[in-house]
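With mmCIF, C-alpha atoms inside, this is my_file08.cif:
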```cif
data_query
loop_
_atom_site.label_atom_id
_atom_site.label_comp_id
_atom_site.auth_asym_id
_atom_site.auth_seq_id
_atom_site.Cartn_x
_atom_site.Cartn_y
_atom_site.Cartn_z
CA MET A 1 -40.95 15.49 -13.99
CA ASN A 2 -41.33 19.08 -12.89
CA VAL A 3 -39.22 21.82 -14.45
CA ILE A 4 -36.40 22.80 -12.13
CA PRO A 5 -36.77 26.53 -11.36
CA GLU A 6 -34.10 29.20 -11.51
CA GLY A 7 -31.58 28.85 -8.72
CA PHE A 8 -31.38 25.07 -9.00
CA ASP A 9 -28.74 23.61 -11.34
CA ALA A 10 -30.31 20.81 -13.38
CA LEU A 11 -26.90 19.22 -13.99
CA ASP A 12 -25.79 19.26 -10.34
CA PRO A 13 -26.92 16.06 -8.55
CA LEU A 14 -27.14 17.76 -5.14
CA SER A 15 -29.19 20.61 -6.55
CA ARG A 16 -31.53 18.13 -8.27
CA LYS A 17 -31.94 16.21 -5.00
CA LEU A 18 -32.65 19.42 -3.06
CA TRP A 19 -35.25 20.40 -5.65
CA LEU A 20 -36.89 16.98 -5.41
CA ILE A 21 -37.05 17.20 -1.61
CA THR A 22 -38.45 20.75 -1.82
CA ASP A 23 -41.06 19.65 -4.36
CA MET A 24 -42.05 16.66 -2.21
CA GLU A 25 -42.38 18.86 0.88
CA MET A 26 -44.56 21.34 -1.01
CA ASN A 27 -46.81 18.50 -2.18
CA ARG A 28 -47.04 17.19 1.38
CA LEU A 29 -47.87 20.67 2.68
CA ARG A 30 -50.54 21.09 0.00
CA ASP A 31 -52.11 17.76 0.96
CA ASP A 32 -52.06 18.73 4.65
CA LEU A 33 -53.73 22.06 3.87
CA LEU A 34 -56.43 20.33 1.82
CA THR A 35 -57.07 17.93 4.71
CA LEU A 36 -57.28 20.85 7.12
CA ALA A 37 -59.71 22.65 4.81
CA ASP A 38 -61.91 19.53 4.70
CA CYS A 39 -61.90 19.41 8.51
CA VAL A 40 -62.89 23.08 8.72
CA ILE A 41 -65.74 22.52 6.26
CA ASP A 42 -66.98 19.51 8.24
CA LEU A 43 -66.77 21.49 11.47
CA ASN A 44 -68.66 24.37 9.88
CA HIS A 45 -71.44 21.99 8.79
CA LEU A 46 -71.61 20.52 12.30
CA VAL A 47 -71.90 23.96 13.89
CA PHE A 48 -74.61 24.92 11.40
CA ASP A 49 -76.54 21.71 12.17
CA LEU A 50 -76.21 22.36 15.90
CA LYS A 51 -77.54 25.89 15.47
CA GLU A 52 -80.47 24.54 13.44
CA GLY A 53 -81.13 21.81 16.01
CA LYS A 54 -80.51 18.99 13.53
CA ALA A 55 -77.64 17.28 15.35
#
```
Could you render the structure as structure tokens?
Amino acid sequence: MNVIPEGFDALDPLSRKLWLITDMEMNRLRDDLLTLADCVIDLNHLVFDLKEGKA
């Protein structure tokens, strides 16, 4: 389990739950950004192929 950062009380159940939700949302955001980056890379390759007349 991740270390709970300053500002979250490790002994308070609500604080632990809020930290878990925050951590899950950050992981989801990271995954979405990686997916977006993959799409941008694929689009860049497609544009390059179109410019080169390969597509």
> What is the distance between atom CA of A:Gly7 and atom CA of A:Glu25, in Å to one decimal?
Replying inline: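 Computed distance, atom CA of A:Gly7 to atom CA of A:Glu25, equals 17.6 Å.
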> What is the atom CA of A:Leu11-atom CA of A:Asp31 distance in Å, reported with one decimal?
Replying inline: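 Calculated distance between atom CA of A:Leu11 and atom CA of A:Asp31 is 29.3 Å.
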> Do you have the atom CA of A:Glu6-atom CA of A:Asp23 distance handy?
Replying inline: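 One can read the atom CA of A:Glu6 to atom CA of A:Asp23 distance as 13.8 Å.
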